[in-house]
file run03.txt (compact mmCIF, C-alpha atoms)
# COMPACT_ATOMS: atom_id res chain seq x y z
CA MET O 1 -27.64 0.54 -21.12
CA GLU O 2 -24.01 -0.50 -21.46
CA ILE O 3 -21.74 -0.73 -18.42
CA LYS O 4 -18.00 -1.32 -18.66
CA ILE O 5 -15.71 -2.31 -15.82
CA LEU O 6 -12.13 -1.27 -16.55
CA GLY O 7 -9.31 -3.31 -15.05
CA PRO O 8 -6.91 -6.15 -15.75
CA GLY O 9 -8.85 -8.52 -13.50
CA CYS O 10 -7.63 -7.99 -9.98
CA ALA O 11 -9.64 -8.49 -6.79
CA ASN O 12 -10.79 -4.86 -6.77
CA CYS O 13 -11.95 -5.07 -10.39
CA HIS O 14 -14.09 -8.11 -9.60
CA LYS O 15 -15.50 -6.32 -6.61
CA MET O 16 -16.39 -3.39 -8.84
CA GLU O 17 -18.16 -5.83 -11.17
CA GLU O 18 -20.11 -7.29 -8.25
CA LEU O 19 -21.10 -3.79 -7.13
CA ALA O 20 -22.36 -2.95 -10.62
CA LYS O 21 -24.28 -6.23 -10.93
CA THR O 22 -25.98 -5.71 -7.58
CA ALA O 23 -26.84 -2.11 -8.45
CA VAL O 24 -28.33 -3.12 -11.81
CA LYS O 25 -30.41 -5.81 -10.15
CA GLU O 26 -31.67 -3.51 -7.43
CA LEU O 27 -32.52 -0.78 -9.92
CA GLY O 28 -34.35 -3.38 -11.99
CA ILE O 29 -32.90 -2.15 -15.28
CA ASP O 30 -31.68 -3.93 -18.36
CA ALA O 31 -27.93 -3.48 -18.69
CA LYS O 32 -25.03 -5.28 -20.29
CA ILE O 33 -21.95 -5.46 -18.05
CA LYS O 34 -18.63 -5.95 -19.81
CA MET O 35 -15.18 -6.42 -18.30
CA ILE O 36 -12.51 -4.47 -20.18
CA SER O 37 -8.92 -5.56 -19.67
CA ASP O 38 -7.41 -4.25 -22.91
CA ILE O 39 -4.93 -1.52 -21.94
CA GLN O 40 -5.57 0.58 -25.06
CA GLU O 41 -9.30 0.56 -24.35
CA ILE O 42 -8.74 1.37 -20.65
CA MET O 43 -6.48 4.32 -21.50
CA LYS O 44 -9.31 5.88 -23.50
CA TYR O 45 -11.05 6.59 -20.23
CA THR O 46 -8.58 6.71 -17.36
CA MET O 47 -5.25 5.55 -15.96
CA SER O 48 -6.58 4.52 -12.57
CA THR O 49 -8.35 1.20 -12.46
CA PRO O 50 -10.77 -0.17 -11.46
CA GLY O 51 -13.03 2.06 -13.52
CA LEU O 52 -16.77 2.22 -14.03
CA VAL O 53 -18.04 3.45 -17.40
CA VAL O 54 -21.75 3.88 -18.01
CA ASN O 55 -22.95 4.58 -21.55
CA GLY O 56 -19.46 5.66 -22.57
CA LYS O 57 -19.04 8.04 -19.63
CA LEU O 58 -16.44 7.49 -16.92
CA LYS O 59 -18.35 7.48 -13.63
CA HIS O 60 -15.69 6.27 -11.21
CA SER O 61 -12.01 5.46 -11.32
CA GLY O 62 -9.46 4.07 -8.92
CA LYS O 63 -9.36 3.23 -5.26
CA PRO O 64 -11.20 3.40 -2.95
CA LEU O 65 -14.20 1.78 -4.60
CA PRO O 66 -17.48 3.65 -4.35
CA SER O 67 -20.04 2.49 -1.79
CA PRO O 68 -22.92 0.31 -3.03
CA GLU O 69 -25.34 3.24 -2.70
CA ARG O 70 -23.00 5.48 -4.66
CA VAL O 71 -22.74 2.92 -7.49
CA LYS O 72 -26.53 2.82 -7.69
CA GLU O 73 -26.62 6.60 -7.87
CA LEU O 74 -23.93 6.71 -10.57
CA ILE O 75 -25.79 4.22 -12.73
CA ARG O 76 -29.19 5.79 -12.09
CA SER O 77 -27.89 9.16 -13.32
CA GLU O 78 -27.50 7.62 -16.79
CA ILE O 79 -30.95 6.06 -17.05
CA MET S 1 -9.06 4.03 30.78
CA LEU S 2 -8.24 1.35 28.23
CA LYS S 3 -5.77 -0.16 30.65
CA SER S 4 -8.29 -0.49 33.45
CA PHE S 5 -10.84 -1.90 31.02
CA ALA S 6 -8.39 -4.62 29.94
CA ALA S 7 -7.52 -5.33 33.57
CA TYR S 8 -11.22 -5.52 34.46
CA ILE S 9 -11.87 -8.18 31.81
CA THR S 10 -8.81 -10.21 32.74
CA TYR S 11 -8.99 -10.20 36.50
CA ASP S 12 -12.63 -9.62 37.31
CA LEU S 13 -14.69 -10.92 34.42
CA ILE S 14 -12.62 -13.97 33.50
CA ASN S 15 -11.29 -14.08 37.02
CA LEU S 16 -7.69 -15.08 36.31
CA PRO S 17 -5.30 -14.92 39.27
CA ARG S 18 -3.20 -11.74 39.39
CA ASP S 19 0.53 -12.06 38.61
CA SER S 20 0.12 -15.25 36.59
CA ARG S 21 1.84 -15.37 33.21
CA LEU S 22 -1.37 -16.18 31.38
CA ALA S 23 -3.23 -13.29 32.99
CA ASP S 24 -0.43 -10.88 32.07
CA ALA S 25 -0.44 -12.10 28.50
CA LEU S 26 -4.22 -11.82 28.20
CA ASN S 27 -4.24 -8.40 29.82
CA PHE S 28 -1.66 -7.17 27.30
CA PHE S 29 -3.50 -8.82 24.44
CA ILE S 30 -6.84 -7.18 25.24
CA TYR S 31 -5.23 -3.79 25.79
CA ASP S 32 -3.16 -3.97 22.59
CA THR S 33 -6.05 -5.21 20.50
CA ILE S 34 -8.43 -2.44 21.54
CA LYS S 35 -5.75 0.21 21.24
CA ILE S 36 -4.68 -0.91 17.78
CA PHE S 37 -8.23 -1.18 16.45
CA LEU S 38 -9.03 2.33 17.67
CA LEU S 39 -5.84 3.62 16.05
CA LEU S 40 -6.57 1.70 12.85
CA PHE S 41 -10.01 3.21 12.57
CA VAL S 42 -8.85 6.78 13.17
CA VAL S 43 -5.74 6.60 10.95
CA ILE S 44 -7.27 4.74 8.00
CA PHE S 45 -10.25 7.10 8.07
CA ALA S 46 -8.01 10.19 8.16
CA ILE S 47 -5.75 8.89 5.39
CA SER S 48 -8.78 7.98 3.26
CA VAL S 49 -10.07 11.53 3.52
CA ILE S 50 -6.63 12.99 2.70
CA ARG S 51 -6.27 10.62 -0.24
CA SER S 52 -9.54 11.75 -1.73
CA TYR S 53 -7.76 15.05 -2.46
CA PHE S 54 -4.91 13.39 -4.38
CA PRO S 55 -6.32 11.36 -7.26
CA PRO S 56 -3.60 9.92 -9.55
CA GLU S 57 -4.55 12.40 -12.30
CA LYS S 58 -3.64 15.30 -10.04
CA THR S 59 -0.35 13.67 -9.01
CA LYS S 60 0.47 13.17 -12.68
CA ARG S 61 -0.12 16.86 -13.38
CA ILE S 62 2.08 17.87 -10.45
CA LEU S 63 4.95 15.60 -11.52
CA SER S 64 4.84 16.23 -15.24
CA HIS S 65 8.11 17.78 -16.51
CA LYS S 66 9.48 18.15 -12.97
CA LYS S 67 13.22 18.46 -12.40
CA GLU S 68 15.16 15.57 -10.89
CA PHE S 69 15.68 15.52 -7.13
CA ILE S 70 12.81 17.89 -6.26
CA GLY S 71 10.67 15.74 -8.54
CA ASN S 72 11.86 12.53 -6.87
CA ILE S 73 11.12 13.89 -3.39
CA LEU S 74 7.67 15.06 -4.46
CA ALA S 75 6.97 11.74 -6.17
CA ALA S 76 7.96 9.71 -3.10
CA LEU S 77 5.74 11.87 -0.87
CA LEU S 78 2.83 11.75 -3.31
CA GLY S 79 3.25 7.96 -3.45
CA ILE S 80 2.05 7.85 0.15
CA VAL S 81 -1.08 9.96 -0.32
CA THR S 82 -2.14 8.97 -3.83
CA PRO S 83 -4.47 6.00 -3.70
CA PHE S 84 -3.94 3.39 -6.35
CA CYS S 85 -4.79 -0.24 -6.80
CA SER S 86 -1.75 -2.39 -7.61
CA CYS S 87 -3.71 -3.49 -10.69
CA SER S 88 -3.38 -0.01 -12.17
CA ALA S 89 0.44 0.10 -12.14
CA VAL S 90 0.54 -0.40 -15.93
CA PRO S 91 -2.05 2.20 -16.99
CA LEU S 92 -0.55 4.57 -14.43
CA PHE S 93 2.94 4.06 -15.79
CA ILE S 94 1.72 4.70 -19.34
CA GLY S 95 -0.24 7.77 -18.22
CA PHE S 96 2.80 9.19 -16.41
CA VAL S 97 5.18 8.60 -19.33
CA GLU S 98 2.67 10.05 -21.76
CA ALA S 99 2.30 13.18 -19.63
CA GLY S 100 6.07 13.73 -19.59
CA VAL S 101 6.82 12.58 -16.06
CA PRO S 102 10.54 11.61 -16.19
CA LEU S 103 11.25 7.87 -15.79
CA GLY S 104 13.21 8.17 -12.54
CA ILE S 105 10.46 10.26 -10.97
CA THR S 106 7.81 7.76 -12.09
CA PHE S 107 9.83 5.06 -10.33
CA SER S 108 10.13 7.07 -7.11
CA PHE S 109 6.34 7.20 -7.10
CA LEU S 110 5.84 3.51 -7.87
CA ILE S 111 8.38 2.46 -5.22
CA SER S 112 7.15 4.56 -2.31
CA SER S 113 3.50 3.65 -2.70
CA PRO S 114 3.57 -0.03 -1.61
CA MET S 115 6.40 0.55 0.86
CA VAL S 116 4.75 3.15 3.06
CA ASN S 117 1.44 1.64 4.06
CA GLU S 118 -1.16 3.02 6.47
CA VAL S 119 -1.94 -0.27 8.21
CA ALA S 120 1.78 -0.84 8.79
CA ILE S 121 2.04 2.70 10.17
CA VAL S 122 -0.67 1.99 12.74
CA LEU S 123 0.76 -1.38 13.76
CA LEU S 124 4.25 0.03 14.18
CA TRP S 125 2.90 2.99 16.10
CA GLY S 126 0.78 0.83 18.37
CA LEU S 127 3.48 -1.76 19.03
CA PHE S 128 6.71 0.28 19.01
CA GLY S 129 5.78 3.95 19.37
CA TRP S 130 6.04 6.98 17.09
CA ARG S 131 9.82 6.97 16.80
CA VAL S 132 10.00 3.62 15.02
CA THR S 133 7.06 4.72 12.86
CA ALA S 134 8.88 7.86 11.78
CA ILE S 135 11.99 5.83 10.98
CA TYR S 136 9.88 3.43 8.90
CA ILE S 137 8.39 6.27 6.85
CA GLY S 138 11.80 7.94 6.51
CA ALA S 139 13.49 4.75 5.31
CA GLY S 140 10.73 4.14 2.74
CA LEU S 141 11.00 7.68 1.39
CA LEU S 142 14.80 7.58 1.32
CA THR S 143 14.77 4.32 -0.65
CA ALA S 144 12.17 5.58 -3.15
CA ILE S 145 14.00 8.88 -3.69
CA SER S 146 17.48 7.37 -4.12
CA ALA S 147 16.46 4.40 -6.29
CA GLY S 148 14.37 6.71 -8.51
CA MET S 149 17.23 9.17 -8.87
CA ILE S 150 19.71 6.46 -9.88
CA ILE S 151 17.27 5.06 -12.44
CA GLY S 152 16.76 8.59 -13.78
CA LYS S 153 20.51 9.19 -14.11
CA LEU S 154 21.02 5.96 -16.09
CA LYS S 155 18.76 7.13 -18.96
CA LEU S 156 17.01 3.83 -19.50
CA GLU S 157 14.07 5.10 -21.56
CA LYS S 158 15.10 2.85 -24.48
CA TRP S 159 14.12 -0.17 -22.39
CA ILE S 160 10.51 0.82 -22.09
CA GLU S 161 8.27 -1.25 -24.39
CA GLU S 162 7.66 0.69 -27.63
CA TYR S 163 3.90 0.33 -27.57
CA VAL S 164 3.79 2.46 -24.41
CA PHE S 165 4.63 5.52 -26.50
CA LYS S 166 2.08 4.65 -29.16
CA ILE S 167 -0.95 4.26 -26.96
CA HIS S 168 -3.47 6.88 -27.69
CA VAL S 169 -4.56 8.41 -24.43
CA GLY S 170 -8.10 9.74 -24.54
CA HIS S 171 -9.13 13.19 -23.48
CA TRP S 172 -10.28 12.24 -20.04
CA GLN S 173 -13.26 13.99 -18.69
CA ALA S 174 -12.49 15.43 -15.31
CA ALA S 175 -15.01 14.10 -12.83
CA SER S 176 -16.34 16.91 -10.69
CA PRO S 177 -14.68 16.86 -7.24
CA PRO S 178 -16.90 15.24 -4.61
CA ALA S 179 -18.45 17.28 -1.82
CA PHE S 180 -16.85 17.05 1.61
CA ARG S 181 -19.73 14.95 2.93
CA GLU S 182 -19.26 12.51 0.08
CA ARG S 183 -15.54 12.25 0.91
CA LEU S 184 -16.38 11.40 4.53
CA ALA S 185 -18.93 8.81 3.46
CA VAL S 186 -16.48 7.11 1.10
CA ALA S 187 -13.72 7.24 3.74
CA LYS S 188 -16.00 5.61 6.31
CA TRP S 189 -17.07 2.91 3.89
CA ASN S 190 -13.48 2.31 2.84
CA THR S 191 -12.24 2.13 6.45
CA LEU S 192 -14.85 -0.44 7.44
CA ASP S 193 -14.11 -2.38 4.27
CA ILE S 194 -10.37 -2.55 5.07
CA LEU S 195 -11.01 -3.46 8.71
CA LYS S 196 -13.38 -6.22 7.62
CA LYS S 197 -10.62 -7.64 5.49
CA ILE S 198 -7.84 -7.52 8.07
CA TRP S 199 -9.37 -7.78 11.56
CA LEU S 200 -8.77 -11.49 12.11
CA PHE S 201 -5.30 -11.19 10.74
CA ILE S 202 -4.46 -8.29 13.06
CA ILE S 203 -5.71 -10.18 16.11
CA ILE S 204 -3.54 -13.15 15.17
CA ALA S 205 -0.57 -10.81 14.68
CA ILE S 206 -1.06 -9.26 18.12
CA GLY S 207 -1.48 -12.72 19.61
CA ILE S 208 1.74 -14.02 18.08
CA GLY S 209 3.53 -10.85 19.17
CA GLY S 210 2.31 -11.32 22.74
CA PHE S 211 3.31 -14.97 22.77
CA ILE S 212 6.82 -14.25 21.55
CA HIS S 213 7.06 -11.38 24.00
CA GLY S 214 6.33 -13.68 26.90
CA TYR S 215 7.89 -16.99 25.97
CA VAL S 216 10.89 -16.65 23.61
CA PRO S 217 14.14 -15.47 25.23
CA GLN S 218 14.84 -11.78 24.66
CA ASP S 219 18.23 -12.01 22.99
CA PHE S 220 17.45 -15.03 20.85
CA LEU S 221 18.54 -13.31 17.62
CA THR S 222 21.06 -10.81 18.93
CA HIS S 223 23.90 -13.22 18.45
CA TYR S 224 23.08 -13.94 14.80
CA ALA S 225 21.51 -10.75 13.58
CA GLY S 226 22.53 -8.03 16.02
CA LYS S 227 24.55 -4.97 15.09
CA GLY S 228 27.79 -6.91 15.43
CA ASN S 229 27.20 -9.03 12.35
CA PRO S 230 28.07 -7.17 9.11
CA PHE S 231 26.33 -9.79 6.95
CA ALA S 232 23.00 -9.49 8.73
CA VAL S 233 21.63 -6.81 6.37
CA PRO S 234 22.40 -8.50 3.02
CA VAL S 235 21.26 -11.87 4.34
CA ALA S 236 17.98 -10.37 5.59
CA VAL S 237 17.45 -8.74 2.18
CA ALA S 238 18.31 -11.95 0.31
CA ILE S 239 15.67 -13.77 2.36
CA GLY S 240 13.16 -10.93 1.96
CA VAL S 241 13.30 -10.40 -1.82
CA PRO S 242 11.68 -13.71 -2.89
CA LEU S 243 9.13 -13.49 -0.06
CA TYR S 244 6.10 -11.41 -0.71
CA SER S 245 3.53 -9.90 1.58
CA ASN S 246 1.94 -6.49 1.89
CA ALA S 247 3.33 -4.17 4.54
CA ALA S 248 0.67 -5.09 7.09
CA GLY S 249 1.29 -8.82 6.75
CA VAL S 250 4.96 -8.61 7.50
CA ILE S 251 4.53 -6.71 10.80
CA PRO S 252 4.11 -9.74 13.09
CA ILE S 253 7.40 -11.10 11.78
CA VAL S 254 9.00 -7.69 12.21
CA TYR S 255 7.63 -7.52 15.73
CA ALA S 256 9.12 -10.90 16.56
CA LEU S 257 12.51 -10.09 14.99
CA MET S 258 12.86 -6.77 16.81
CA GLU S 259 11.73 -8.11 20.16
CA LYS S 260 14.35 -10.80 19.94
CA GLY S 261 17.30 -8.56 19.29
CA MET S 262 17.59 -7.97 15.54
CA SER S 263 18.79 -4.43 14.96
CA MET S 264 16.49 -1.78 13.53
CA GLY S 265 18.26 -1.26 10.19
CA THR S 266 18.29 -4.99 9.48
CA VAL S 267 14.60 -5.34 10.32
CA LEU S 268 13.73 -2.37 8.09
CA ALA S 269 15.78 -3.77 5.22
CA PHE S 270 14.01 -7.11 5.55
CA MET S 271 10.61 -5.44 5.65
CA MET S 272 11.33 -3.27 2.61
CA ALA S 273 12.66 -6.23 0.63
CA VAL S 274 9.47 -8.17 1.35
CA THR S 275 7.07 -5.35 0.50
CA ALA S 276 8.81 -3.51 -2.34
CA LEU S 277 10.01 -6.36 -4.51
CA SER S 278 7.68 -9.16 -5.48
CA LEU S 279 7.18 -11.57 -8.33
CA PRO S 280 3.56 -10.53 -9.01
CA GLU S 281 4.69 -6.92 -9.28
CA MET S 282 7.55 -7.86 -11.63
CA ILE S 283 5.10 -9.72 -13.87
CA ILE S 284 2.86 -6.65 -14.00
CA LEU S 285 5.78 -4.29 -14.70
CA ARG S 286 7.14 -6.62 -17.38
CA LYS S 287 4.21 -5.47 -19.55
CA VAL S 288 5.78 -2.03 -19.85
CA LEU S 289 9.48 -2.62 -19.08
CA LYS S 290 11.88 -4.73 -21.09
CA ILE S 291 13.86 -7.37 -19.19
CA PRO S 292 17.10 -5.30 -18.85
CA LEU S 293 15.24 -2.41 -17.22
CA LEU S 294 13.40 -4.80 -14.95
CA GLY S 295 16.75 -6.32 -13.97
CA VAL S 296 18.26 -2.89 -13.32
CA PHE S 297 15.22 -2.01 -11.23
CA VAL S 298 15.55 -5.11 -9.04
CA GLY S 299 19.32 -4.61 -8.73
CA ILE S 300 19.10 -0.95 -7.76
CA MET S 301 16.29 -1.60 -5.32
CA THR S 302 18.23 -4.40 -3.64
CA ALA S 303 21.38 -2.28 -3.38
CA THR S 304 19.47 0.75 -2.09
CA ILE S 305 17.62 -1.28 0.54
CA ILE S 306 20.89 -2.79 1.76
CA ALA S 307 22.47 0.68 1.94
CA VAL S 308 19.50 2.08 3.88
CA GLY S 309 19.71 -0.90 6.26
CA TYR S 310 23.38 -0.23 6.99
CA LEU S 311 22.70 3.48 7.34
CA PHE S 312 20.03 2.95 9.99
CA ASN S 313 22.14 0.37 11.81
CA ALA S 314 24.93 2.93 11.94
CA ILE S 315 22.94 5.94 13.14
CA LEU S 316 20.52 4.31 15.58

call {"tool": "encode", "arguments": {"input": "run03.txt", "output": "structure tokens"}}
result
Amino acid sequence: MEIKILGPGCANCHKMEELAKTAVKELGIDAKIKMISDIQEIMKYTMSTPGLVVNGKLKHSGKPLPSPERVKELIRSEI
Amino acid sequence: MLKSFAAYITYDLINLPRDSRLADALNFFIYDTIKIFLLLFVVIFAISVIRSYFPPEKTKRILSHKKEFIGNILAALLGIVTPFCSCSAVPLFIGFVEAGVPLGITFSFLISSPMVNEVAIVLLWGLFGWRVTAIYIGAGLLTAISAGMIIGKLKLEKWIEEYVFKIHVGHWQAASPPAFRERLAVAKWNTLDILKKIWLFIIIAIGIGGFIHGYVPQDFLTHYAGKGNPFAVPVAVAIGVPLYSNAAGVIPIVYALMEKGMSMGTVLAFMMAVTALSLPEMIILRKVLKIPLLGVFVGIMTATIIAVGYLFNAIL
């Protein structure tokens, strides 16, 4: 599974990354988490960062960040 | 009920003598703290729920190809209810331009959003009452609308970085709107998250406010920065522009300035200069705006904030 975190690297983006890491660990799955800060790449998916993309599908974008349980759900739906 | 609870803690539980300065201060502090935290919880929760209905994509659709004036007013209002992380100013700007939102209207949106802040609303409401709160929101909207309109009139599109127009925007999949229960859950989580971040800070702010209230003479600033001094507004703005803090962080200073006799318009101008113009934001915007447009933006914002400051000094 491939997970992308969209965002230029602000506090919220890093928090999103943490949320995804925790969710992956708790789900016990094998996933690659990549931070995407390239604007052209971000604009392919959304204009509101931070974004969460799982297997090429935009699962969440913008503020407020999803709750930890919600992130788990979003990732699980792509397993 | 809150009042008697605060009095109970001060006089009975801690057993401070009645009518002492310290007891008064503590009584106020406990009452203010509880009141403001209750307000914070209710207001942030309510705004979070409202915001879940205004994702940036929807705002973009509403503003696309709108006429000036009406568009600027709408953009300033939507700036308050559309949630966006300051980190997404660049993608948002590109998305707006790409969707045909006029430049001046895009600016009205970008200006109003950081200026009208929910935590600041609660603090102002709790410390000064609803009238000051309404004035704060009104001044923020007025600044965003006028600055955006001026930028729109100047036709500065040539000073947007060329690559902005070349970026290929994907066909975004519309996420299905969340159920009402999901909105409430996210709002609750978000509220607790914000409170966790700011609680200590708020308590310190209330503490400083209480201290100044009790110990610094009331008209300390009136002489220098009262209504009588015509330079008070530009000086306050000149001090505020290089300073940066979010709207919530500047409230204790605002509280202190107002308590000690600075006039309302001057305080507002200072607050807007601190929150609306900042170096980090300029660096972010520089990615999409060429230097002349950035300069025009800072100039117009400064002038507008000064004008709004004078206006409120004159009518209040």

call {"tool": "closest_residue", "arguments": {"input": "run03.txt", "among": "O:Val53, O:Leu65, O:Met16, O:Ile39", "to": "Ala89 of chain S", "atoms": "only C-alpha atoms"}}
result
O:Ile39

call {"tool": "interface_residues", "arguments": {"input": "run03.txt", "of": "chain O", "to": "chain S", "cutoff": "7 Å", "atoms": "only C-alpha atoms", "output": "list in words"}}
result
Pro8, Cys10, Ile39, Gln40, Met43, Lys44, Tyr45, Thr46, Met47, Ser48, Thr49, Gly62, Lys63, Pro64, Pro66 and Ser67 of chain O

call {"tool": "residues_around", "arguments": {"input": "run03.txt", "residues": "Val54 of chain O", "least_positions_apart": "5", "cutoff": "8 Å", "atoms": "only C-alpha atoms", "output": "PyMOL selection string"}}
result
chain O and resi 1-4+59+75+78

call {"tool": "residues_around", "arguments": {"input": "run03.txt", "residues": "Leu289 of chain S", "least_positions_apart": "6", "cutoff": "8 Å", "atoms": "all atoms listed in the file", "output": "number ranges by chain"}}
result
S: 159-161

call {"tool": "residues_around", "arguments": {"input": "run03.txt", "residues": "Thr22 of chain O", "least_positions_apart": "4", "cutoff": "12 Å", "atoms": "all atoms listed in the file", "output": "mmCIF file with C-alpha atoms, in the coordinates of the input"}}
result
data_model
loop_
_atom_site.group_PDB
_atom_site.id
_atom_site.type_symbol
_atom_site.label_atom_id
_atom_site.label_comp_id
_atom_site.auth_asym_id
_atom_site.auth_seq_id
_atom_site.Cartn_x
_atom_site.Cartn_y
_atom_site.Cartn_z
ATOM 1 C CA LYS O 15 -15.500 -6.320 -6.610
ATOM 2 C CA MET O 16 -16.390 -3.390 -8.840
ATOM 3 C CA GLU O 17 -18.160 -5.830 -11.170
ATOM 4 C CA GLU O 18 -20.110 -7.290 -8.250
ATOM 5 C CA GLU O 26 -31.670 -3.510 -7.430
ATOM 6 C CA LEU O 27 -32.520 -0.780 -9.920
ATOM 7 C CA GLY O 28 -34.350 -3.380 -11.990
ATOM 8 C CA ILE O 29 -32.900 -2.150 -15.280
ATOM 9 C CA ALA O 31 -27.930 -3.480 -18.690
ATOM 10 C CA ILE O 33 -21.950 -5.460 -18.050
ATOM 11 C CA SER O 67 -20.040 2.490 -1.790
ATOM 12 C CA PRO O 68 -22.920 0.310 -3.030
ATOM 13 C CA GLU O 69 -25.340 3.240 -2.700
ATOM 14 C CA ARG O 70 -23.000 5.480 -4.660
ATOM 15 C CA VAL O 71 -22.740 2.920 -7.490
ATOM 16 C CA LYS O 72 -26.530 2.820 -7.690
ATOM 17 C CA ILE O 75 -25.790 4.220 -12.730
#

call {"tool": "atom_distance", "arguments": {"input": "run03.txt", "atom1": "atom CA of Ile306 of chain S", "atom2": "atom CA of Leu127 of chain S"}}
result
24.5 Å

call {"tool": "atom_distance", "arguments": {"input": "run03.txt", "atom1": "atom CA of Ser278 of chain S", "atom2": "atom CA of Ser245 of chain S"}}
result
8.2 Å

call {"tool": "closest_residue", "arguments": {"input": "run03.txt", "among": "S:Phe28, S:Glu98, S:Tyr53, S:Val116", "to": "Leu77 of chain S", "atoms": "all atoms listed in the file"}}
result
S:Val116

call {"tool": "residues_around", "arguments": {"input": "run03.txt", "residues": "segment 147-152 of chain S", "least_positions_apart": "5", "cutoff": "7 Å", "atoms": "all atoms listed in the file", "output": "list in words"}}
result
Phe69, Asn72, Leu103, Gly104, Ile105, Phe107, Ser108, Ile300, Met301 and Thr304 of chain S

call {"tool": "atom_distance", "arguments": {"input": "run03.txt", "atom1": "atom CA of Met271 of chain S", "atom2": "atom CA of Trp199 of chain S"}}
result
21.0 Å

call {"tool": "closest_residue", "arguments": {"input": "run03.txt", "among": "S:Met282, S:Ala273, S:Leu195, S:Met115", "to": "Ala76 of chain S", "atoms": "only C-alpha atoms"}}
result
S:Met115

call {"tool": "decode", "arguments": {"input": "run03.txt", "residues": "segment 53-76 of chain O", "atoms": "C-alpha atoms", "output": "PDB file, in the first residue's frame"}}
result
ATOM      1  CA  VAL O  53      -3.890   9.966  -0.317  1.00  0.00           C
ATOM      2  CA  VAL O  54      -4.147   6.191  -0.090  1.00  0.00           C
ATOM      3  CA  ASN O  55      -3.369   4.122  -3.188  1.00  0.00           C
ATOM      4  CA  GLY O  56      -3.835   7.164  -5.396  1.00  0.00           C
ATOM      5  CA  LYS O  57      -7.192   8.101  -3.885  1.00  0.00           C
ATOM      6  CA  LEU O  58      -7.717  11.315  -1.925  1.00  0.00           C
ATOM      7  CA  LYS O  59      -9.115  10.269   1.448  1.00  0.00           C
ATOM      8  CA  HIS O  60      -8.923  13.514   3.392  1.00  0.00           C
ATOM      9  CA  SER O  61      -8.026  17.113   2.695  1.00  0.00           C
ATOM     10  CA  GLY O  62      -7.660  20.270   4.726  1.00  0.00           C
ATOM     11  CA  LYS O  63      -8.392  21.311   8.258  1.00  0.00           C
ATOM     12  CA  PRO O  64      -9.553  20.078  10.687  1.00  0.00           C
ATOM     13  CA  LEU O  65      -7.491  16.908  10.646  1.00  0.00           C
ATOM     14  CA  PRO O  66      -9.401  13.646  10.941  1.00  0.00           C
ATOM     15  CA  SER O  67      -9.467  11.884  14.306  1.00  0.00           C
ATOM     16  CA  PRO O  68      -7.056   8.958  14.821  1.00  0.00           C
ATOM     17  CA  GLU O  69      -9.944   6.477  14.538  1.00  0.00           C
ATOM     18  CA  ARG O  70     -11.104   8.094  11.318  1.00  0.00           C
ATOM     19  CA  VAL O  71      -7.608   7.857   9.798  1.00  0.00           C
ATOM     20  CA  LYS O  72      -7.554   4.148  10.618  1.00  0.00           C
ATOM     21  CA  GLU O  73     -10.928   3.734   8.951  1.00  0.00           C
ATOM     22  CA  LEU O  74      -9.838   5.667   5.854  1.00  0.00           C
ATOM     23  CA  ILE O  75      -6.741   3.534   5.433  1.00  0.00           C
ATOM     24  CA  ARG O  76      -8.540   0.280   6.219  1.00  0.00           C
TER      25      ARG O  76
END
